[in-house]
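Text of final_24.csv, listed as CSV, C-alpha atoms:
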chain,number,residue,atom,x,y,z
A,1,MET,CA,5.8,-0.3,-23.8
A,2,ASP,CA,5.0,3.2,-24.8
A,3,VAL,CA,1.6,4.8,-24.5
A,4,PHE,CA,0.7,4.3,-28.2
A,5,GLU,CA,1.5,0.6,-27.9
A,6,ALA,CA,-0.8,0.4,-24.8
A,7,ILE,CA,-3.5,2.1,-26.8
A,8,GLN,CA,-3.1,-0.4,-29.6
A,9,LEU,CA,-3.0,-3.5,-27.3
A,10,ARG,CA,-5.8,-2.6,-24.9
A,11,ARG,CA,-8.8,-4.9,-25.1
A,12,SER,CA,-12.0,-5.3,-23.2
A,13,ILE,CA,-11.3,-8.5,-21.2
A,14,ARG,CA,-14.2,-10.4,-19.6
A,15,THR,CA,-12.5,-13.7,-18.6
A,16,PHE,CA,-9.7,-13.5,-16.0
A,17,SER,CA,-7.2,-15.9,-14.5
A,18,ALA,CA,-7.1,-16.5,-10.8
A,19,ARG,CA,-3.8,-14.6,-10.6
A,20,LYS,CA,-4.1,-11.7,-8.2
A,21,ILE,CA,-2.9,-8.2,-9.0
A,22,ASP,CA,0.0,-7.4,-6.6
A,23,ARG,CA,-0.2,-4.3,-4.5
A,24,VAL,CA,2.7,-2.5,-6.2
A,25,SER,CA,1.1,-2.9,-9.6
A,26,LEU,CA,-2.3,-1.9,-8.3
A,27,GLU,CA,-0.9,1.2,-6.7
A,28,ARG,CA,0.9,2.1,-10.0
A,29,ILE,CA,-2.4,1.8,-11.8
A,30,LEU,CA,-4.2,4.0,-9.2
A,31,GLU,CA,-1.3,6.5,-9.3
A,32,ALA,CA,-1.9,6.9,-13.1
A,33,GLY,CA,-5.5,7.9,-12.3
A,34,ARG,CA,-4.4,10.3,-9.6
A,35,LEU,CA,-2.1,12.1,-12.0
A,36,ALA,CA,-4.8,12.7,-14.6
A,37,PRO,CA,-5.7,16.2,-15.6
A,38,SER,CA,-9.0,17.6,-14.3
A,39,SER,CA,-11.1,20.7,-14.8
A,40,SER,CA,-9.4,23.6,-12.8
A,41,ASN,CA,-7.3,20.8,-11.2
A,42,ARG,CA,-10.2,20.0,-8.9
A,43,GLN,CA,-9.5,16.3,-8.8
A,44,ALA,CA,-13.2,15.8,-7.8
A,45,TRP,CA,-13.0,12.1,-7.8
A,46,HIS,CA,-12.6,9.1,-5.5
A,47,PHE,CA,-11.8,5.5,-6.4
A,48,ILE,CA,-13.1,2.5,-4.5
A,49,VAL,CA,-11.0,-0.6,-5.0
A,50,VAL,CA,-13.2,-3.7,-4.5
A,51,ASP,CA,-11.2,-6.9,-4.1
A,52,ASP,CA,-13.3,-8.7,-1.4
A,53,PRO,CA,-15.0,-11.7,-3.1
A,54,GLU,CA,-18.2,-11.3,-1.1
A,55,ILE,CA,-18.6,-7.6,-2.1
A,56,LYS,CA,-17.7,-8.4,-5.8
A,57,LYS,CA,-20.6,-10.9,-5.9
A,58,LEU,CA,-23.0,-8.2,-5.0
A,59,ILE,CA,-22.0,-5.6,-7.6
A,60,PRO,CA,-23.9,-7.0,-10.6
A,61,GLY,CA,-27.1,-7.3,-8.5
A,62,HIS,CA,-30.3,-5.4,-8.8
A,63,LEU,CA,-30.0,-4.7,-12.6
A,64,PRO,CA,-33.0,-4.8,-14.8
A,65,ILE,CA,-34.0,-8.3,-15.9
A,66,GLY,CA,-32.1,-9.2,-19.1
A,67,SER,CA,-29.1,-6.9,-18.4
A,68,ARG,CA,-27.7,-9.0,-15.6
A,69,ARG,CA,-26.2,-11.5,-18.0
A,70,PHE,CA,-24.2,-8.7,-19.6
A,71,VAL,CA,-22.3,-7.9,-16.4
A,72,SER,CA,-22.6,-11.0,-14.2
A,73,TRP,CA,-19.0,-12.0,-15.1
A,74,ILE,CA,-17.5,-9.0,-13.4
A,75,LYS,CA,-17.7,-10.7,-10.0
A,76,ASN,CA,-14.9,-13.0,-11.3
A,77,ALA,CA,-12.4,-10.1,-11.9
A,78,PRO,CA,-9.7,-9.9,-9.3
A,79,VAL,CA,-10.3,-6.1,-8.9
A,80,ILE,CA,-13.2,-3.8,-9.5
A,81,VAL,CA,-12.5,-0.1,-9.4
A,82,VAL,CA,-15.6,2.1,-8.9
A,83,GLY,CA,-15.0,5.6,-10.0
A,84,LEU,CA,-16.9,8.3,-8.1
A,85,TYR,CA,-17.2,12.0,-8.8
A,86,TYR,CA,-18.7,15.1,-7.2
A,87,LYS,CA,-19.6,18.3,-8.9
A,88,ALA,CA,-17.2,21.1,-7.9
A,89,VAL,CA,-18.2,24.8,-8.6
A,90,THR,CA,-16.2,24.7,-11.8
A,91,HIS,CA,-18.2,21.7,-13.0
A,92,MET,CA,-21.5,23.5,-12.2
A,93,LEU,CA,-20.3,26.5,-14.2
A,94,GLY,CA,-19.4,24.3,-17.1
A,95,GLU,CA,-22.9,22.8,-17.1
A,96,LEU,CA,-24.3,26.3,-17.8
A,97,PHE,CA,-22.7,25.8,-21.2
A,98,GLY,CA,-23.8,22.2,-21.5
A,99,HIS,CA,-20.5,20.7,-20.5
A,100,LYS,CA,-20.2,17.6,-18.3
A,101,ASN,CA,-16.6,18.3,-17.1
A,102,HIS,CA,-17.1,16.1,-14.0
A,103,LEU,CA,-17.7,13.1,-16.3
A,104,ILE,CA,-14.8,14.0,-18.6
A,105,ASP,CA,-12.4,14.3,-15.6
A,106,LEU,CA,-13.4,10.9,-14.3
A,107,SER,CA,-13.2,9.3,-17.7
A,108,ILE,CA,-9.7,10.7,-18.3
A,109,ALA,CA,-8.5,9.4,-14.8
A,110,MET,CA,-9.9,5.9,-15.4
A,111,THR,CA,-8.5,5.8,-19.0
A,112,ASN,CA,-5.1,6.6,-17.5
A,113,MET,CA,-5.6,3.6,-15.2
A,114,VAL,CA,-6.6,1.3,-18.1
A,115,LEU,CA,-3.6,2.3,-20.1
A,116,ALA,CA,-1.3,1.8,-17.1
A,117,ALA,CA,-2.9,-1.7,-16.5
A,118,THR,CA,-2.3,-2.5,-20.2
A,119,GLU,CA,1.4,-1.7,-19.8
A,120,LEU,CA,1.5,-4.2,-16.9
A,121,ASP,CA,-0.3,-6.9,-19.1
A,122,ILE,CA,-3.4,-6.5,-17.0
A,123,GLY,CA,-6.7,-6.7,-18.8
A,124,THR,CA,-9.5,-4.3,-18.2
A,125,CYS,CA,-13.1,-3.5,-19.2
A,126,PHE,CA,-15.1,-0.4,-18.7
A,127,ILE,CA,-18.6,-1.0,-17.2
A,128,GLY,CA,-21.5,1.4,-17.6
A,129,TRP,CA,-24.3,-1.0,-16.6
A,130,PHE,CA,-24.8,-0.7,-12.9
A,131,ASN,CA,-27.5,0.2,-10.3
A,132,GLU,CA,-26.1,3.4,-8.7
A,133,LYS,CA,-28.6,3.5,-5.8
A,134,TYR,CA,-27.8,-0.1,-4.9
A,135,LEU,CA,-24.0,0.3,-5.2
A,136,LYS,CA,-24.0,3.4,-3.1
A,137,LYS,CA,-25.7,1.5,-0.3
A,138,ILE,CA,-23.4,-1.7,-0.4
A,139,LEU,CA,-20.2,0.4,-0.8
A,140,SER,CA,-21.2,3.0,1.8
A,141,ILE,CA,-20.7,5.9,-0.7
A,142,PRO,CA,-21.4,9.3,0.8
A,143,ALA,CA,-24.3,11.3,-0.7
A,144,LYS,CA,-22.0,14.0,-2.2
A,145,TYR,CA,-20.6,11.4,-4.7
A,146,ARG,CA,-22.1,9.9,-7.8
A,147,ILE,CA,-20.8,6.8,-9.6
A,148,GLY,CA,-19.6,7.6,-13.0
A,149,LEU,CA,-17.8,4.5,-14.2
A,150,ILE,CA,-16.6,1.1,-13.2
A,151,VAL,CA,-13.5,-0.6,-14.5
A,152,VAL,CA,-12.8,-4.3,-13.9
A,153,MET,CA,-9.3,-5.6,-14.1
A,154,GLY,CA,-7.2,-8.7,-13.8
A,155,TYR,CA,-4.8,-10.9,-15.7
A,156,ALA,CA,-6.5,-12.3,-18.8
A,157,GLU,CA,-7.4,-16.0,-18.8
A,158,LYS,CA,-5.7,-16.3,-22.2
A,159,THR,CA,-2.1,-15.3,-22.8
A,160,SER,CA,-1.4,-11.9,-24.3
A,161,ASN,CA,0.3,-11.6,-27.6
A,162,GLU,CA,1.1,-9.2,-30.4
A,163,GLN,CA,-2.7,-9.0,-31.2
A,164,GLY,CA,-3.5,-7.7,-27.8
A,165,ILE,CA,-4.1,-8.3,-24.1
A,166,GLY,CA,-5.5,-11.8,-23.6
A,167,GLY,CA,-4.7,-12.6,-27.3
A,168,ALA,CA,-7.8,-10.7,-28.3
A,169,LYS,CA,-7.9,-9.3,-31.8
A,170,ALA,CA,-8.7,-5.7,-32.3
A,171,LYS,CA,-12.2,-4.9,-33.4
A,172,PRO,CA,-12.6,-2.9,-36.6
A,173,ARG,CA,-12.2,0.8,-36.3
A,174,LYS,CA,-13.4,3.5,-38.7
A,175,LYS,CA,-10.7,5.0,-41.0
A,176,LEU,CA,-9.2,8.3,-39.8
A,177,GLY,CA,-10.7,10.1,-42.8
A,178,GLU,CA,-14.2,9.1,-41.6
A,179,ILE,CA,-13.9,10.7,-38.2
A,180,VAL,CA,-11.5,13.7,-38.7
A,181,SER,CA,-12.0,17.0,-40.4
A,182,TYR,CA,-9.7,20.0,-40.4
A,183,ASN,CA,-10.9,23.5,-39.7
A,184,LYS,CA,-14.6,22.8,-40.6
A,185,TYR,CA,-16.8,19.7,-40.5
A,186,GLY,CA,-16.3,17.6,-43.6
A,187,ASN,CA,-13.0,19.2,-44.7
A,188,PRO,CA,-10.5,16.3,-45.4

Structure encoded using structure tokens:
Amino acid sequence: MDVFEAIQLRRSIRTFSARKIDRVSLERILEAGRLAPSSSNRQAWHFIVVDDPEIKKLIPGHLPIGSRRFVSWIKNAPVIVVGLYYKAVTHMLGELFGHKNHLIDLSIAMTNMVLAATELDIGTCFIGWFNEKYLKKILSIPAKYRIGLIVVMGYAEKTSNEQGIGGAKAKPRKKLGEIVSYNKYGNP
């Protein structure tokens, strides 16, 4: 599978089979994150791999009432990767101009992981709903780090096919002409 195929086949998977992700595959996915580019090559990130069933059960906890149902299913994923970042000096300088390079760096690394997982027929889903204070406590995260993103992953409950991972159809996307301009905004 080439990277463009992985982009086309990636889907947000929320129901997983009981099949575990083997260590070789998991390390290949994590290596894809490690190799991601970052601002001034700071690599100001850390990834916590959560595969302990008891810890996974705790992760959706302490969310506002009503939002728990949106992420309660993540405890059933074989692996949860919690993406941490810290702000290096170059990140702080970027913030003077309104840039959030620390979040961009982490997003690139975790997107690399998602695409590597897709190549291995492993389903993923990005999670932005979490209680950072609670997770920092249960995962013993040092104060210097913030949680930027969570990715859950595992083999999809349904078989993958030409429509996508887990057989999920692609959701509609805007046409290229609606989101791309050349040289100036609005120039087709």

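As for atom CA of Thr111 of chain A and atom CA of Val151 of chain A, they are spaced 9.3 Å apart.
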
Do you have, as a Markdown table, the list of residues of segment 2-76 of chain A lying at most 10 Å from segment 138-144 of chain A, each with its nearest atom pair and that distance in Å to one decimal, counting all atoms listed in the file and ordered by chain then number?
| residue | atom | partner | partner_atom | distance |
| --- | --- | --- | --- | --- |
| A:His46 | CA | A:Ile141 | CA | 9.9 |
| A:Ile48 | CA | A:Leu139 | CA | 8.3 |
| A:Val50 | CA | A:Leu139 | CA | 8.9 |
| A:Ile55 | CA | A:Ile138 | CA | 7.8 |
| A:Leu58 | CA | A:Ile138 | CA | 8.0 |
| A:Ile59 | CA | A:Ile138 | CA | 8.3 |

Those residues with C-alpha atoms, as a tab-separated table (two decimals), in the frame of the given file please?
chain	number	residue	atom	x	y	z
A	46	HIS	CA	-12.60	9.10	-5.50
A	48	ILE	CA	-13.10	2.50	-4.50
A	50	VAL	CA	-13.20	-3.70	-4.50
A	55	ILE	CA	-18.60	-7.60	-2.10
A	58	LEU	CA	-23.00	-8.20	-5.00
A	59	ILE	CA	-22.00	-5.60	-7.60

### Query
What is the distance between atom CA of Arg146 of chain A and atom CA of Leu96 of chain A, in Å to one decimal?
19.3 Å

### Message
Give me the residues near Arg14 of chain A as number ranges by chain, where near means some atom within 12 Å (using only C-alpha atoms) and where sequence neighbours in that chain fewer than 6 positions away do not count.
### Response
A: 70-78, 122-127, 151-158, 165-166, 168

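Atom CA of Ile80 of chain A to atom CA of Glu119 of chain A spans 18.0 Å [interatomic distance, one decimal].
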
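Among A:Val180, A:Leu115, A:Leu135, A:Ile147, the residue with the shortest atom-to-atom distance to Phe4 of chain A, counting only C-alpha atoms, is A:Leu115.
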
### Task
Give me the residues within 12 Å of segment 172-176 of chain A as JSON, numbers by chain, counting all atoms listed in the file and dropping any in the same chain fewer than 5 places off.
{"A": [8, 181, 182, 188]}

### Query
Within 12 Å of (-18.0, 25.1, -8.9), all atoms listed in the file: residues as a ChimeraX atom specification?
/A:39-42,44,86-96,101-102

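Each of A:Ile7, A:Ala170, A:Ala109, A:Ile150 was compared to Ala36 of chain A using only C-alpha atoms, and A:Ala109 turns out to be the nearest.
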
### Task
Using all atoms listed in the file, find the one residue out of A:Asp121, A:Ala116, A:Arg23, A:Asn187 that sits nearest to Gly167 of chain A.
A:Asp121

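Among A:Lys184, A:Lys56, A:Thr118, A:Tyr134, the residue with the shortest atom-to-atom distance to Ser12 of chain A, counting all atoms listed in the file, is A:Thr118.
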
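Closest approach to Thr159 of chain A among A:Phe16, A:Gly98, A:Tyr85, A:Gly186 is made by A:Phe16 (distances from all atoms listed in the file).
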
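Between Val24 of chain A and the residues A:His62, A:Leu120, A:Pro53, A:Trp45, the shortest atom-to-atom distance, using only C-alpha atoms, involves A:Leu120.
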
### Query
Is there a way to get, as a list in words, all residues within 8 Å of the point (1.8, 3.2, -13.8) in file coordinates, counting only C-alpha atoms?
Ser25, Glu27, Arg28, Ile29, Leu30, Glu31, Ala32, Met113, Ala116, Ala117 and Glu119 of chain A
